[in-house]
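**Q** Let me give you the structure first, and then I'll get to my questions.
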4 protein chains.
Amino acid sequence: MGNTFGRLFRVTTFGESHGGGIGVVIDGCPPRIDISEAEIQRELDRRRPGQSKLTTQRKEEDRCGILSGIFEGKTLGTPLTIMVRNKDARPEDYSEIAGKFRPSHADYTYEAKYGIRNWQGGGRASARETIGRVAAGAIAKKILSGLYAHFEIVAYVAQVHGIVASVDRAAVKMKDVEKNIVRCPDAVAAKKMISLIEQVRDEGDSVGGVIECVARGVAPGIGEPVFDKLEADLAKAMLSIPATKGFEIGSGFAATRMRGSQHNDPFEMRGGKIRTTTNNSGGVQGGISNGEDIYFRVGFKPPATIALQQKTVTNSKQQSELAARGRHDPCVLPRAVPIVEAMAALVFCDHALRQNAIRSSSR
Amino acid sequence: MGNTFGRLFRVTTFGESHGGGIGVVIDGCPPRIDISEAEIQRELDRRRPGQSKLTTQRKEEDRCGILSGIFEGKTLGTPLTIMVRNKDARPEDYSEIAGKFRPSHADYTYEAKYGIRNWQGGGRASARETIGRVAAGAIAKKILSGLYAHFEIVAYVAQVHGIVASVDRAAVKMKDVEKNIVRCPDAVAAKKMISLIEQVRDEGDSVGGVIECVARGVAPGIGEPVFDKLEADLAKAMLSIPATKGFEIGSGFAATRMRGSQHNDPFEMRGGKIRTTTNNSGGVQGGISNGEDIYFRVGFKPPATIALQQKTVTNSKQQSELAARGRHDPCVLPRAVPIVEAMAALVFCDHALRQNAIRSSSR
Amino acid sequence: MGNTFGRLFRVTTFGESHGGGIGVVIDGCPPRIDISEAEIQRELDRRRPGQSKLTTQRKEEDRCGILSGIFEGKTLGTPLTIMVRNKDARPEDYSEIAGKFRPSHADYTYEAKYGIRNWQGGGRASARETIGRVAAGAIAKKILSGLYAHFEIVAYVAQVHGIVASVDRAAVKMKDVEKNIVRCPDAVAAKKMISLIEQVRDEGDSVGGVIECVARGVAPGIGEPVFDKLEADLAKAMLSIPATKGFEIGSGFAATRMRGSQHNDPFEMRGGKIRTTTNNSGGVQGGISNGEDIYFRVGFKPPATIALQQKTVTNSKQQSELAARGRHDPCVLPRAVPIVEAMAALVFCDHALRQNAIRSSSR
Amino acid sequence: MGNTFGRLFRVTTFGESHGGGIGVVIDGCPPRIDISEAEIQRELDRRRPGQSKLTTQRKEEDRCGILSGIFEGKTLGTPLTIMVRNKDARPEDYSEIAGKFRPSHADYTYEAKYGIRNWQGGGRASARETIGRVAAGAIAKKILSGLYAHFEIVAYVAQVHGIVASVDRAAVKMKDVEKNIVRCPDAVAAKKMISLIEQVRDEGDSVGGVIECVARGVAPGIGEPVFDKLEADLAKAMLSIPATKGFEIGSGFAATRMRGSQHNDPFEMRGGKIRTTTNNSGGVQGGISNGEDIYFRVGFKPPATIALQQKTVTNSKQQSELAARGRHDPCVLPRAVPIVEAMAALVFCDHALRQNAIRSSSR
């Protein structure tokens with residue numbers, strides 16, 4: 001259970017890191033949307049391992065294929081299936097962990113839940129699962145661009161360990177993000193981040209950080225009170241990404257140290273539209289978009305897989321030790337940027353369709 | 001849409017702040033659970049306005065009644081309906097806001113979404129809606145206590161504006177929380193918080209803060225990969241509470257400044273069980289509980305309703321000003337404690353039932 | 001579980017025959033629909049006991065109240081709650097069945113499922129539950145009338161036991177149906193049906209029959225392949241009504257004795273539109289409406305409650321006998337007509353909203 | 001939308017008749033179930049085209065592969081993906097229908113709904129979609145056999161056009177059904193059916209019929225009041241199968257001509273258990289299984305694809321004619337038997353898991 005996301009734009013991912021492949025079925029995709037494998041691949045390439053010296057050097061091409069739901073380049077309205085075959089699997093890298101629980105991985109909890117696990121490379125808990133999300137996100141972005149004239153989502157690395165970037169959230173564009181391999185639009189901070197990640201990797205360790213995401217051009221009125229508030233669904237979407245530990249929208253935790261008189265966003269007329277003077281709300285009020293930029297931050301922990309020796313226990317409850325072999329990411333942030341964008345796009349797309357349903361039916 | 005929470009333990013809330021009443025229908029409640037109105041009322045009383053000098057002085061008794069789903073004191077397995085009639089409504093307090101959008105409230109976004117709104121006291125966006133959640137949470141706690149021998153959830157105010165409490169998360173009990181009106185188990189910090197809230201109230205302003213919550217005794221194995229991870233559903237649950245801006249589980253945003261070698265929780269054998277030495281994971285790994293304490297933090301903004309004069313616009317797009325009249329909370333934290341507990345209980349209960357479904361069917 | 005119906009227009013019913021009351025929460029109702037208690041009451045009155053000599057003589061006024069979701073006569077887009085208080089309960093009528101399982105009732109199966117049951121009058125399995133459906137159906141009809149210019153649903157009694165009515169399905173109107181107390185538009189057959197039902201009642205027995213329903217004016221294109229075909233959701237809706245045993249759409253079981261050349265509905269141009277010459281499909285092809293009249297038939301068994309002595313067993317597994325006391329319907333058909341219409345309206349409304357969601361989002 | 005079935009055992013099918021392939025993702029499959037491709041293939045072979053002279057002579061091997069969710073022969077609890085590649089496609093067979101709507105097919109309604117359709121062989125509306133259902137059904141049967149000691153589902157052809165079989169519903173076994181190519185356990189009727197189907201095929205026409213299905217060994221207590229009654233979900237499941245027009249459970253439409261005294265199933269003690277003397281209820285009372293055999297009937301229309309010339313219109317609204325070319329089934333009944341079994345198994349499996357969820361959590 002739990003492998004489907006969304007109410008109207010319904011995304012179901014499948015597949016383990018080792019096995020036939022990884023994919024996604026999208027049910028509820030509107031018809032007659034132009035889709036090509038190339039534009040899905042473009043997003044997948046941003047997530048792909050081996051894309052730079054900062055990421056794992058596993059050679060996974062992650063070449064996607066559309067299996068169903070498309071005809072003559074357009075969506076049919078029927079389930080869209082996108083799949084990536086698994087390649088470059090080296091199960092021998094994992095032989096040791098068949099019998100030991102890797103600290104802060106899902107090995108023990110999968111065993112506790114299911115009484116069985118695919119110990120090859122993380123199985124279903126592997127971040128390879130996010131391939132399906134990124135592919136679906138590419139479709140969602142396309143749909144949103146059709147619905148909203150000036151729609152765009154831009155995510156970027158805002159912090160790696162102690163290095164905090166300075167970014168103009170209102171102006172930053174995807175091309176600024178893609179300028180460097182760490183996906184941080186602040187060139188100075190980016191350079192420091194790259195050095196730090198390389199150093200940490202060489203030490204056999206790992207680091208965490210923060211991704212910030214801004215969505216522009218979302219119309220006012222999407223998001224559903226009371227449980228499916230836009231920020232609630234965004235929070236769920238983000239916390240469902242592997243290695244995330246926190247989410248904050250708008251002013252976030254900083255709001256906890258503010259007063260109402262300081263935090264409230266006054267309304268004003270601007271360009272003939274009702275706008276807010278400030279945007280501590282992060283573009284969402286009462287769970288519903290207000291037309292301002294929607295922005296939020298996601299905290300990632302350092303990856304659990306490290307080359308350093310760690311204490312653990314075995315399947316048979318014996319004390320033991322473990323050091324990761326194989327090829328791993330010392331910092332997931334650069335590759336997580338497109339995942340954050342994809343999950344945000346899934347949330348917006350689902351809520352946009354939900355709003356369509358009622359808007360067209362009230363007189 | 002969006003008024004139902006949960007897959008198997010399904011909670012649907014209804015009602016506006018002004019109108020017939022507020023309530024909840026719980027579908028999927030297991031049968032033969034002993035329930036009395038008194039134990040639901042106990043939780044509602046912790047959420048009730050007017051319970052102390054710190055909260056709004058509205059006189060709402062919030063007396064609940066069970067309308068269906070119960071027979072001779074036990075649940076029937078059929079929908080449980082619990083309702084609270086609205087009282088002490090003073091629509092005249094709200095006459096001004098019929099024509100003006102209150103800053104950082106949901107007035108404008110409801111209007112944008114629906115083209116209509118109940119401007120009396122916030123309507124559906126009022127925190128009165130959470131009565132249904134707290135009532136359902138009381139049932140969920142009862143069910144969980146039946147499933148897990150040592151189950152308990154304790155939430156408390158950990159921070160108000162700049163005042164940070166010092167609390168032993170592993171030991172704190174509900175009775176420690178209920179010792180003072182601000183629901184902070186650190187007596188020294190509590191005193192300061194109370195002073196600050198009173199001062200802020202007298203200034204016509206408001207403050208935010210942080211609630212921390214710990215759940216003990218949850219068995220390993222609940223939570224569903226990949227989208228319905230336990231932390232993802234908790235994040236959604238918390239961000240669906242009015243006035244919340246952030247969520248973090250375990251190490252949270254602090255993890256972003258840690259290294260893997262420091263953050264990983266080594267496994268060890270303790271009391272014959274597989275345990276972790278540290279608990280940066282916050283009791284959840286790969287989206288599934290690992291048997292350790294589950295703890296998380298929720299950031300609340302300062303309430304939007306303040307007595308100070310603010311800029312805004314009218315329904316007819318004219319620039320205007322507004323100052324709240326009526327009786328409001330200068331800080332929602334003390335009353336939000338039972339809401340956080342309730343939402344956490346709903347998540348755990350739903351996931352516990354989901355795990356029951358597969359556990360009993362695999363051989 | 002199982003007390004919610006629909007994906008976007010979501011109807012949750014609650015309540016037992018004896019207890020606080022019976023009601024419904026509708027989540028996903030579009031905003032700004034004019035609704036009055038009077039128009040809901042009109043439908044409830046068609047379902048009400050005691051409306052004629054043919055039905056149970058229980059004095060249940062079934063007066064509805066709208067508790068939430070409405071403001072100044074219009075829907076708010078928030079959950080609409082409608083409730084009817086229980087009255088005229090005579091638990092003493094049921095004292096015998098506390099200890100005995102009534103044949104072909106749900107007593108034994110509720111006990112088997114839940115290990116507990118409200119034995120007063122059927123509890124949740126009572127047809128009183130359908131009050132919530134009829135109330136929700138009144139709203140759904142209103143929405144559909146706004147969406148489709150010539151929308152109408154007409155259900156009628158087409159058969160009681162061996163008496164088969166002759167009805168012009170293409171022309172029959174609700175006023176023809178309401179002309180007599182058995183709700184059969186064929187006056188001659190109606191008279192015979194009334195006599196038969198009275199005779200059967202006097203004999204302490206009961207009879208079944210068939211309700212036919214036709215929906216006109218539904219636009220082509222609603223219904224979702226592959227599992228949520230329009231006929232599949234109609235079938236589920238109808239078989240969820242108490243006492244139903246069968247469903248057939250269009251040609252129905254008669255199709256099983258036809259050849260393709262005879263059964264196929266040729267397309268033709270008529271009035272500038274693509275139409276079918278015949279309508280064996282019943283207005284649905286491949287699960288999607290084709291713009292023709294949608295018609296279907298529902299088979300009802302004779303009510304299980306009869307005054308005649310019957311064999312049964314007790315809670316403690318002893319052989320025993322039982323004869324119903326109290327006031328019961330010898331034939332449910334006349335009162336089931338508005339229920340069939342209501343459930344059909346719920347299906348059409350839900351699917352109309354689903355189609356809105358994708359129609360507005362494809363270019 | 002509408003491509004997912006079930007609440008806990010969730011089956012999502014994907015794929016068109018022409019394109020990459022056809023498949024299914026099963027979310028919510030319990031872990032540690034032994035599954036092999038061979039046992040899935042066994043069911044698929046019963047559905048496969050070309051299996052006898054009665055079916056279409058298309059050469060589709062329909063060889064399945066398990067892509068995910070399995071490890072060392074056992075289910076992992078993660079999504080199980082099963083896929084069949086499309087082969088032997090002859091798009092040239094369909095060139096004519098690109099521009100014409102086939103009578104009583106889904107061509108026109110898909111166009112009306114989506115504004116686009118894959119005209120090659122029916123696309124998503126093709127019965128090839130049921131491959132995914134049959135594959136999922138094989139898993140569901142396996143799970144049910146683990147849950148219920150004496151579980152079995154047997155479906156068979158009970159009627160073809162005017163030929164009605166005589167079958168002992170209480171005793172019939174799958175091996176009796178598989179004895180002949182028409183899958184009718186009455187050898188005499190089977191012979192007549194085969195002759196009729198061959199004759200009809202030679203005439204370029206088609207015929208319908210009835211499939212009956214009996215499930216034995218289902219424990220009392222599964223099925224959910226009020227909307228998700230067991231018979232309601234079975235009705236939906238059956239009416240979602242292509243070419244079905246009717247569903248009846250137990251006494252079915254025959255009940256409409258019975259009296260209560262005749263229809264009621266008296267309870268009695270038998271073998272130390274509470275049983276019913278007769279079984280007009282069809283094993284379900286109040287929507288919940290009572291432990292007796294669950295049996296129902298499904299009416300199929302004659303296939304719409306016939307070689308005879310028919311009237312129709314073109315995409316551009318011109319009157320036209322059409323005669324099917326290619327290789328088609330003159331009667332779908334023999335191949336639909338495993339589909340009916342599969343859909344029934346999906347319903348029972350989902351409800352069995354739902355019942356597990358609450359049974360284990362009430363004390």
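Ordering of the structure tokens sets the chain letters (A, B, ...); residue numbers start at 1 within each chain; ligands are numbered from 1 in the order shown.
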Show me which bits of chain B are within 6 Å of chain D, counting only C-alpha atoms, as a list in words.
**A**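 The contacting residues on chain B are Pro30, Leu353, Asn356, Ala357, Ile358 and Ser362 of chain B.
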**Q** Could you turn the residues from that selection into a file that holds N, CA and C atoms, as a compact mmCIF listing (two decimals), in the first residue's frame?
**A**
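Contents of result.txt, as written:
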# COMPACT_ATOMS: atom_id res chain seq x y z
N PRO B 30 -13.05 0.23 14.56
CA PRO B 30 -13.26 -1.17 14.95
C PRO B 30 -14.40 -1.30 15.96
N LEU B 353 -4.13 -0.03 11.59
CA LEU B 353 -5.15 -0.87 10.95
C LEU B 353 -4.64 -1.37 9.59
N ASN B 356 -2.44 -4.23 10.25
CA ASN B 356 -3.24 -5.41 10.62
C ASN B 356 -3.70 -6.16 9.39
N ALA B 357 -4.13 -5.40 8.38
CA ALA B 357 -4.73 -6.01 7.19
C ALA B 357 -3.77 -6.98 6.53
N ILE B 358 -2.50 -6.58 6.39
CA ILE B 358 -1.59 -7.50 5.70
C ILE B 358 -0.95 -8.51 6.64
N SER B 362 -0.70 -12.82 5.68
CA SER B 362 0.45 -13.52 5.12
C SER B 362 0.78 -14.67 6.05
**Q** Find the residues near Ser68 in chain D: any atom within 8 Å, counting only C-alpha atoms, skip ones fewer than 6 places away on the same chain, and give them as a VMD selection string.
**A** (chain A and resid 14 to 16 19 to 21) or (chain D and resid 78 to 82)
**Q** Using only C-alpha atoms for the distances, tell me which of B:Ala243, B:Ala190, B:Ala232, B:Ala219 is nearest to Ser289 in chain B.
**A**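 For Ser289 in chain B, the nearest of the candidates is B:Ala219.
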**Q** CA of Ile222 in chain A and CA of Ile339 in chain A, how far apart in Å?
**A**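 Distance between the two atoms: 21.7 Å.
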**Q** So what do you get for CA of Phe5 in chain A versus CA of Ala237 in chain B, distance-wise?
**A**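 Atom-to-atom, CA of Phe5 in chain A to CA of Ala237 in chain B, that is 15.6 Å.
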**Q** Skipping near chain neighbours, those fewer than 3 positions away, what residues fall within 6 Å of Pro302 in chain C using only C-alpha atoms, listed as number ranges by chain?
**A** C: 206-208; D: 259-260
**Q** Output N, CA and C atoms for every residue in that selection, as a compact mmCIF listing (two decimals), in the first residue's frame.
**A**
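Dumped everything to selection.txt:
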# COMPACT_ATOMS: atom_id res chain seq x y z
N SER C 206 -44.99 -10.91 2.06
CA SER C 206 -44.39 -9.77 1.35
C SER C 206 -44.10 -10.16 -0.10
N VAL C 207 -43.91 -9.15 -0.95
CA VAL C 207 -43.57 -9.41 -2.37
C VAL C 207 -42.46 -8.49 -2.88
N GLY C 208 -41.80 -8.98 -3.94
CA GLY C 208 -40.74 -8.21 -4.59
C GLY C 208 -41.20 -7.61 -5.89
N ARG D 259 -42.54 -14.61 -2.92
CA ARG D 259 -43.04 -14.03 -1.69
C ARG D 259 -41.97 -14.17 -0.59
N GLY D 260 -42.05 -13.33 0.40
CA GLY D 260 -41.08 -13.38 1.50
C GLY D 260 -41.03 -14.73 2.18
**Q** Which parts of range 85-288 of chain D does DSSP call strand (DSSP E or B) when run on the backbone here, written out as a PyMOL selection string?
**A** chain D and resi 85+100+152-160+163-164+207+209-216+244-249+259+267-270+273-276+284-285+288
**Q** Assign secondary structure with DSSP using the backbone only, and return the residues of range 14-44 of chain D in helix (DSSP H, G or I) as a ChimeraX atom specification.
**A** /D:37-44
**Q** Using only C-alpha atoms, pick whichever of D:Ala323, D:Val332, D:Ile139, D:Met174 has the shortest atom-to-atom distance to Tyr94 in chain D.
**A**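 Once distances to Tyr94 in chain D are computed over only C-alpha atoms, the minimum belongs to D:Ala323.
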**Q** If we count only C-alpha atoms, what is near Met193 in chain B at a cut-off of 8 Å, once residues fewer than 5 positions away on the same chain are taken out, given as a JSON list (two decimals) with N, CA and C atoms, in the first residue's frame?
**A**
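Output file selection_29.json is given in full below:
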[["chain", "number", "residue", "atom", "x", "y", "z"],
["B", 160, "VAL", "N", 7.74, 29.42, 22.81],
["B", 160, "VAL", "CA", 6.82, 30.51, 22.47],
["B", 160, "VAL", "C", 7.69, 31.70, 22.11],
["B", 163, "ILE", "N", 11.19, 32.20, 23.67],
["B", 163, "ILE", "CA", 11.38, 31.43, 24.91],
["B", 163, "ILE", "C", 11.37, 29.93, 24.60],
["B", 182, "VAL", "N", -0.10, 27.05, 30.04],
["B", 182, "VAL", "CA", 0.53, 27.21, 28.72],
["B", 182, "VAL", "C", 0.94, 25.84, 28.14]]
**Q** Go through C:Arg201, C:Arg102, C:Lys245, C:Arg46 and flag the residue nearest Ala304 in chain C, using only C-alpha atoms for the distances.
**A** C:Arg102
**Q** Please list as a list in words every residue within 12 Å of Ala187 in chain B, counting only C-alpha atoms and excluding residues in the same chain fewer than 4 positions away.
**A**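 These residues fall inside the cut-off: Val157, Ala158, Val164, Ala165, Ser166, Val167, Asp176, Val177, Glu178, Lys179, Asn180, Ile181, Val182, Arg183, Lys191, Lys192, Met193 and Ile194 of chain B.
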**Q** For the atom pair CA of Tyr110 in chain A and CA of Gly6 in chain D, what is the interatomic distance in Å to one decimal place?
**A**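 Going from CA of Tyr110 in chain A over to CA of Gly6 in chain D covers 23.7 Å.
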